[in-house]
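S.K.: My structure is below; once you've seen it, I'll send some questions.
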Amino acid sequence: NDPIHVLSEEELATNSTQSLGETVDSLLGVSSADYGAAVGQPIIRGMSGTRVKVLNNGLVVRDMSGIGIDHVNEVDLNAVKQIEIIRGPSSLMYSNGAIGGIVNVVDDTIAREDFADRDLRIDLEAQSANDGKIGGFSYKENLGGLNLSYAFKDSSLENYDIPKGAVIHSEEHEEGHEEDHDEDHDEDHDEDMGFLENSDFESQTHRLGLSTTGDWGYFGASYLNTESVYGIPYHGEGHEGHGGHDDHDEDHDEDHDDDHDGGHDEHEGERIFSTTDSDVFNIEGSYIFNNDRLNNMRYYYRNSDYSLTEQHAEEEGHEGEDHDDDDHDGHGHEEGPTVFSNESDEFGLILDFGDDSLSQKLVLQNMNEDVSIIGAEAFMNPVDSSEKMIGYYVGTSLMGLDLHLGIRHDRVNRKGTVAHHEEEHHDEDEHHDEDHDEDHDDEHHDEEEMEAYDIDRNETSIALSIDRELNENTVLNLGLASVKRAPSAVELFMNGAHLATGRFEVGDVTLKSETSNNIDLTFDYENNGFFATATIFRNDVDDYIYL
């Protein structure tokens with residue numbers, strides 16, 4: 001699992017409440033793709049998106065962060081034991097396609113060993129930059145042989161304070177709306193320069209776990225509920241193009257000059273924000289065998305039900321207030337709520353049958369996932385995915401070398417449809433100056449051509465790690481890997497305008513799997529409390545899937 005970095009419980013306890021990306025951003029080779037205060041997706045060695053897997057207790061977090069860079073990584077950082085960061089493809093046995101690496105958030109909600117003492121912690125936090133108020137507590141105790149764990153956290157962060165003048169409005173935009181910017185509006189605009197609009201974040205989490213242990217192993221279950229609401233900043237001045245409609249601006253300029261003259265005023269107080277609701281149920285356990293063939297068997301099951309609702313509202317009453325689609329029908333844009341949902345079931349089995357001289361593990365995984373986007377901004381039709389995996393790990397010592405070899409075979413199946421809108425766009429050019437009545441809308445839907453796809457990918461990945469102690473203080477590690485990553489549902493089936501990112505995103509069902517060939521050389525030195533690490537790596541990716 002080298003190279004690896006671990007953020008300890010003590011380090012995390014003194015960190016301020018922030019996104020996952022910001023939490024790990026200070027580590028070498030790790031950065032954050034920020035999209036406001038709430039969203040910070042980890043980037044490892046320049047690899048982002050689904051190439052970096054976010055895990056909780058070794059299992060992939062099935063949220064909607066892979067659908068868009070404006071979506072939060074739904075992990076609970078309250079009362080965690082540690083965060084493990086594995087750079088590069090040495091994370092092979094954890095997840096498929098983790099070319100960049102993994103970020104694994106570890107807690108003991110399902111305790112594998114009995115709690116020795118009662119543990120009660122109360123946390124209070126204040127942040128001056130955003131008038132943030134955070135409170136939480138955690139409780140752990142062994143009651144009659146049953147390990148009970150509960151953690152609660154409530155966070156409320158307002159808009160971030162920024163220096164006046166930090167937000168710069170383009171000259172073209174200002175000239176285009178000179179007539180609409182009266183003195184009162186300018187004064188209001190200047191007052192808003194002291195904070196970043198839509199950078200607020202509120203979240204509440206509950207995490208409950210029960211487990212029992214013995215000489216035979218352990219068994220436990222846990223439940224996690226997370227609810228949050230956060231603003232999405234940086235969505236563009238005046239909302240030019242309304243999230244990916246820039247392509248049609250030239251065609252529509254003549255028809256909409258009058259409408260767009262007041263566009264800035266109309267959207268000046270508009271707010272784009274997201275709410276999330278997540279329920280995760282886990283069963284986990286292990287059984288220890290008393291024979292020479294099989295040491296132990298670990299098993300797990302996880303059910304995730306996650307939804308993210310992205311919506312638009314006027315600033316005066318944005319939270320929870322419905323936004324009438326009719327307000328924007330004159331522009332041909334429906335900015336009502338859009339619901340992103342992900343329902344998944346995952347089962348895994350890990351068999352340990354090593355001995356004193358040879359460590360061996362066989363890993364079996366099966367995952368089914370249903371992803372859908374429903375609403376005004378449904379830029380991808382529902383996709384059903386299934387992933388089956390078999391992996392083998394072996395480790396041994398030979399001639400002063402520690403050898404670790406991992407091989408995994410993945411079968412990934414994705415079923416989805418793509419709607420073709422060519423006729424609809426042509427019809428819009430002819431009739432866009434007229435009102436879009438219900439009959440006309442029905443006609444558009446009838447003209448959409450749906451094409452179904454059933455895509456299979458069978459990929460094999462391999463990683464080899466060699467350790468050699470040069471002396472009692474220095475260890476040299478060489479890592480070689482060839483890792484396959486099948487295209488994600490987004491990369492295959494996305495087809496539409498994504499308002500929050502300001503892009504029209506189009507997938508490609510003919511994409512090949514990425515092949516990442518890696519080599520790592522790492523020196524680790526430690527002596528009397530002083531330590532140093534140096535890594536040289538090269539990563540070549542064939543058939544890289546870009547934006």
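In the structure tokens, chains take letters A, B, ... by order of appearance, with residues numbered from 1 within each chain and ligands from 1 in the order shown.
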Quick one: residues within 6 Å of A:Ile86, only C-alpha atoms, excluding same-chain residues fewer than 2 positions away - as a VMD selection string?
M.R.: chain A and resid 4 101 to 102
S.K.: Which residues, written as a PDB file with N, CA, C and O atoms, in the first residue's frame, have at least one atom at most 10 Å from A:Ser16, with only C-alpha atoms counted and residues fewer than 2 positions away on the same chain left out?
M.R.:
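Written out: part-v2.pdb:
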```pdb
ATOM      1  N   LEU A  12      -6.829  15.453  13.097  1.00  0.00           N
ATOM      2  CA  LEU A  12      -8.157  15.786  12.593  1.00  0.00           C
ATOM      3  C   LEU A  12      -8.988  16.512  13.638  1.00  0.00           C
ATOM      4  O   LEU A  12      -9.813  17.364  13.308  1.00  0.00           O
ATOM      5  N   ALA A  13      -8.775  16.186  14.915  1.00  0.00           N
ATOM      6  CA  ALA A  13      -9.560  16.811  15.982  1.00  0.00           C
ATOM      7  C   ALA A  13      -9.270  18.303  16.102  1.00  0.00           C
ATOM      8  O   ALA A  13     -10.134  19.085  16.510  1.00  0.00           O
ATOM      9  N   THR A  14      -8.062  18.710  15.731  1.00  0.00           N
ATOM     10  CA  THR A  14      -7.689  20.128  15.830  1.00  0.00           C
ATOM     11  C   THR A  14      -7.870  20.875  14.518  1.00  0.00           C
ATOM     12  O   THR A  14      -7.636  22.082  14.458  1.00  0.00           O
ATOM     13  N   GLN A  18     -14.141  21.785   7.373  1.00  0.00           N
ATOM     14  CA  GLN A  18     -13.967  22.199   5.985  1.00  0.00           C
ATOM     15  C   GLN A  18     -14.237  20.993   5.090  1.00  0.00           C
ATOM     16  O   GLN A  18     -14.574  19.910   5.560  1.00  0.00           O
ATOM     17  N   SER A  19     -14.130  21.198   3.800  1.00  0.00           N
ATOM     18  CA  SER A  19     -14.408  20.118   2.861  1.00  0.00           C
ATOM     19  C   SER A  19     -13.322  19.050   2.950  1.00  0.00           C
ATOM     20  O   SER A  19     -12.236  19.268   3.495  1.00  0.00           O
ATOM     21  N   GLU A  22     -10.071  20.182   1.219  1.00  0.00           N
ATOM     22  CA  GLU A  22      -9.287  21.107   2.024  1.00  0.00           C
ATOM     23  C   GLU A  22      -8.595  20.387   3.179  1.00  0.00           C
ATOM     24  O   GLU A  22      -7.500  20.764   3.595  1.00  0.00           O
ATOM     25  N   THR A  23      -9.219  19.344   3.714  1.00  0.00           N
ATOM     26  CA  THR A  23      -8.644  18.612   4.835  1.00  0.00           C
ATOM     27  C   THR A  23      -7.339  17.935   4.453  1.00  0.00           C
ATOM     28  O   THR A  23      -6.404  17.855   5.249  1.00  0.00           O
ATOM     29  N   GLU A 125     -17.054  24.829  17.950  1.00  0.00           N
ATOM     30  CA  GLU A 125     -16.132  25.499  17.038  1.00  0.00           C
ATOM     31  C   GLU A 125     -16.775  26.763  16.494  1.00  0.00           C
ATOM     32  O   GLU A 125     -17.982  26.799  16.244  1.00  0.00           O
ATOM     33  N   ALA A 126     -15.954  27.796  16.326  1.00  0.00           N
ATOM     34  CA  ALA A 126     -16.412  29.038  15.693  1.00  0.00           C
ATOM     35  C   ALA A 126     -15.391  29.453  14.644  1.00  0.00           C
ATOM     36  O   ALA A 126     -14.184  29.304  14.849  1.00  0.00           O
ATOM     37  N   GLN A 127     -15.899  29.942  13.509  1.00  0.00           N
ATOM     38  CA  GLN A 127     -15.033  30.417  12.437  1.00  0.00           C
ATOM     39  C   GLN A 127     -15.377  31.870  12.137  1.00  0.00           C
ATOM     40  O   GLN A 127     -16.539  32.196  11.882  1.00  0.00           O
ATOM     41  N   ILE A 134     -20.283  25.585  14.852  1.00  0.00           N
ATOM     42  CA  ILE A 134     -20.299  24.135  14.731  1.00  0.00           C
ATOM     43  C   ILE A 134     -20.355  23.522  16.124  1.00  0.00           C
ATOM     44  O   ILE A 134     -19.639  23.960  17.036  1.00  0.00           O
TER      45      ILE A 134
END
```
S.K.: Pull the helix (DSSP H, G or I) assignments for stretch 47-194 of chain A out of DSSP run on the backbone, and list those residues as a list in words.
M.R.: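 Filtering stretch 47-194 of chain A down to helix (DSSP H, G or I) leaves Gly49, Thr50, Arg51, Gly88, Pro89, Ser90, Ser91, Glu171, Glu172, His173, Glu174, Glu175, Gly176, Glu178, Glu179, Asp180, Glu183, Asp184, His185, Asp186, Glu187, Asp188, His189, Asp190, Glu191, Asp192, Met193 and Gly194 of chain A.
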S.K.: Calculated over only C-alpha atoms, which of the candidates A:Leu476, A:Met367, A:Leu511, A:Ile288 has the smallest distance to A:Ser95?
M.R.: A:Met367
S.K.: Can you list, as JSON, numbers by chain, every protein, DNA or RNA residue that comes within 9 Å of A:Val106 when you count only C-alpha atoms, leaving out same-chain residues fewer than 2 positions away?
M.R.: {"A": [55, 56, 57, 58, 80, 81, 82, 83, 84, 104, 108]}
S.K.: For A:Gly144, work out the shell of residues within 12 Å, counting only C-alpha atoms and skipping chain neighbours fewer than 4 positions away, then give it as number ranges by chain.
M.R.: A: 114-115, 148, 211-213
S.K.: Pick out the closest residue to A:Asn73 from this set: A:Val52, A:Leu27, A:Val105, A:Leu20. Count only C-alpha atoms.
M.R.: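 Counting only C-alpha atoms, the residue closest to A:Asn73 is A:Leu20.
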S.K.: Write out as a VMD selection string which residues come within 6 Å of stretch 295-310 of chain A when counting only C-alpha atoms, dropping same-chain ones fewer than 3 positions away.
M.R.: chain A and resid 273 to 289 337 to 353
S.K.: Restricting the output to C-alpha atoms, write the selected residues as a PDB file, in the first residue's frame.
M.R.:
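Contents of part03.pdb, as written:
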```pdb
ATOM      1  CA  PHE A 273     -27.872  26.001  -4.174  1.00  0.00           C
ATOM      2  CA  SER A 274     -28.010  22.281  -3.470  1.00  0.00           C
ATOM      3  CA  THR A 275     -29.552  20.179  -0.730  1.00  0.00           C
ATOM      4  CA  THR A 276     -28.466  16.615  -0.002  1.00  0.00           C
ATOM      5  CA  ASP A 277     -30.003  13.733   1.896  1.00  0.00           C
ATOM      6  CA  SER A 278     -28.067  10.520   2.437  1.00  0.00           C
ATOM      7  CA  ASP A 279     -28.900   7.265   4.233  1.00  0.00           C
ATOM      8  CA  VAL A 280     -26.232   4.570   4.470  1.00  0.00           C
ATOM      9  CA  PHE A 281     -26.740   1.205   6.158  1.00  0.00           C
ATOM     10  CA  ASN A 282     -23.810  -1.166   6.777  1.00  0.00           C
ATOM     11  CA  ILE A 283     -23.424  -4.741   7.946  1.00  0.00           C
ATOM     12  CA  GLU A 284     -19.909  -5.947   8.564  1.00  0.00           C
ATOM     13  CA  GLY A 285     -18.229  -8.860  10.261  1.00  0.00           C
ATOM     14  CA  SER A 286     -15.513 -11.480  10.265  1.00  0.00           C
ATOM     15  CA  TYR A 287     -15.213 -15.102  11.267  1.00  0.00           C
ATOM     16  CA  ILE A 288     -11.965 -16.694  12.414  1.00  0.00           C
ATOM     17  CA  PHE A 289     -11.366 -20.296  11.317  1.00  0.00           C
ATOM     18  CA  PRO A 337     -35.173  21.917  -9.191  1.00  0.00           C
ATOM     19  CA  THR A 338     -33.176  18.972 -10.493  1.00  0.00           C
ATOM     20  CA  VAL A 339     -32.873  15.819  -8.386  1.00  0.00           C
ATOM     21  CA  PHE A 340     -29.726  13.697  -8.673  1.00  0.00           C
ATOM     22  CA  SER A 341     -30.161  10.313  -7.007  1.00  0.00           C
ATOM     23  CA  ASN A 342     -27.965   7.281  -6.465  1.00  0.00           C
ATOM     24  CA  GLU A 343     -29.222   4.011  -5.020  1.00  0.00           C
ATOM     25  CA  SER A 344     -26.666   1.245  -4.598  1.00  0.00           C
ATOM     26  CA  ASP A 345     -26.097  -2.142  -2.990  1.00  0.00           C
ATOM     27  CA  GLU A 346     -22.646  -3.565  -2.459  1.00  0.00           C
ATOM     28  CA  PHE A 347     -21.481  -6.902  -1.110  1.00  0.00           C
ATOM     29  CA  GLY A 348     -17.950  -8.134  -0.555  1.00  0.00           C
ATOM     30  CA  LEU A 349     -16.034 -11.109   0.769  1.00  0.00           C
ATOM     31  CA  ILE A 350     -12.345 -11.211   1.746  1.00  0.00           C
ATOM     32  CA  LEU A 351     -10.730 -14.594   2.396  1.00  0.00           C
ATOM     33  CA  ASP A 352      -7.367 -14.666   4.199  1.00  0.00           C
ATOM     34  CA  PHE A 353      -5.548 -17.978   3.693  1.00  0.00           C
TER      35      PHE A 353
END
```
S.K.: Give me the residues within 7 Å of A:Ser222 as a list in words, counting only C-alpha atoms and dropping any in the same chain fewer than 2 places off.
M.R.: Thr109, Ile110, Leu208, Gly209, Leu210, Gly220, Leu224, Phe281, Asn282 and Ile283 of chain A
S.K.: Go ahead and dump the residues you just picked, N, CA, C and O atoms, as an mmCIF file, in the first residue's frame.
M.R.:
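Written output follows (selection-v2.cif):
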```
data_model
loop_
_atom_site.group_PDB
_atom_site.id
_atom_site.type_symbol
_atom_site.label_atom_id
_atom_site.label_comp_id
_atom_site.auth_asym_id
_atom_site.auth_seq_id
_atom_site.Cartn_x
_atom_site.Cartn_y
_atom_site.Cartn_z
ATOM 1 N N THR A 109 -17.222 3.112 14.047
ATOM 2 C CA THR A 109 -18.652 3.006 14.310
ATOM 3 C C THR A 109 -19.055 1.547 14.495
ATOM 4 O O THR A 109 -19.846 1.209 15.381
ATOM 5 N N ILE A 110 -18.516 0.656 13.648
ATOM 6 C CA ILE A 110 -18.626 -0.782 13.871
ATOM 7 C C ILE A 110 -17.294 -1.219 14.479
ATOM 8 O O ILE A 110 -16.304 -1.422 13.780
ATOM 9 N N LEU A 208 -24.747 6.053 13.945
ATOM 10 C CA LEU A 208 -24.999 5.095 15.026
ATOM 11 C C LEU A 208 -24.431 3.737 14.641
ATOM 12 O O LEU A 208 -24.616 3.273 13.508
ATOM 13 N N GLY A 209 -23.743 3.082 15.590
ATOM 14 C CA GLY A 209 -23.174 1.774 15.316
ATOM 15 C C GLY A 209 -23.274 0.843 16.504
ATOM 16 O O GLY A 209 -23.200 1.279 17.662
ATOM 17 N N LEU A 210 -23.470 -0.442 16.232
ATOM 18 C CA LEU A 210 -23.519 -1.492 17.248
ATOM 19 C C LEU A 210 -22.655 -2.653 16.769
ATOM 20 O O LEU A 210 -22.649 -2.992 15.582
ATOM 21 N N GLY A 220 -21.290 -6.505 13.289
ATOM 22 C CA GLY A 220 -21.872 -5.221 13.650
ATOM 23 C C GLY A 220 -22.677 -4.615 12.518
ATOM 24 O O GLY A 220 -22.647 -5.081 11.376
ATOM 25 N N LEU A 224 -25.915 5.741 8.959
ATOM 26 C CA LEU A 224 -25.450 7.125 8.828
ATOM 27 C C LEU A 224 -26.470 7.927 8.055
ATOM 28 O O LEU A 224 -26.891 7.524 6.970
ATOM 29 N N PHE A 281 -26.611 2.298 5.201
ATOM 30 C CA PHE A 281 -26.740 1.205 6.158
ATOM 31 C C PHE A 281 -25.659 0.171 5.878
ATOM 32 O O PHE A 281 -25.470 -0.247 4.724
ATOM 33 N N ASN A 282 -24.922 -0.224 6.921
ATOM 34 C CA ASN A 282 -23.810 -1.166 6.777
ATOM 35 C C ASN A 282 -23.992 -2.384 7.677
ATOM 36 O O ASN A 282 -24.453 -2.256 8.824
ATOM 37 N N ILE A 283 -23.610 -3.525 7.156
ATOM 38 C CA ILE A 283 -23.424 -4.741 7.946
ATOM 39 C C ILE A 283 -22.014 -5.233 7.671
ATOM 40 O O ILE A 283 -21.584 -5.288 6.518
#
```
S.K.: For A:Leu7, which residue out of A:Asp25, A:Leu120, A:Leu478, A:Leu492 is the nearest one, using only C-alpha atoms?
M.R.: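 The closest residue to A:Leu7 is A:Asp25.
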S.K.: If we count only C-alpha atoms and set the cut-off at 7 Å, which residues sit around A:Asp402, ignoring sequence neighbours fewer than 3 positions away in its own chain? Please answer as a VMD selection string.
M.R.: chain A and resid 396 to 398 466 to 468
S.K.: So the first atom is atom CA of A:Asp200 and the second is atom CA of A:Ala37; what is the distance between them in Å, to one decimal place?
M.R.: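 One can read the atom CA of A:Asp200 to atom CA of A:Ala37 distance as 6.9 Å.
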S.K.: Of the candidates A:Gly46, A:Gly194, A:Gly217, A:Pro382, which one gets nearest to A:Asn539 if we count only C-alpha atoms?
M.R.: A:Gly46
S.K.: May I ask for the distance between atom CA of A:Asp542 and atom CA of A:Ser513, given in Å to one decimal place?
M.R.: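 Spanning atom CA of A:Asp542 to atom CA of A:Ser513 is a straight-line distance of 8.6 Å.
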S.K.: In Å, how far is it from atom CA of A:Arg271 to atom CA of A:Val229?
M.R.: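 Atom CA of A:Val229 lies 12.4 Å from atom CA of A:Arg271.
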S.K.: Which one of A:Leu403, A:Ile162, A:Ala111, A:Val506 sits closest to A:Asn142 if you count only C-alpha atoms?
M.R.: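 The closest residue to A:Asn142 is A:Ala111.
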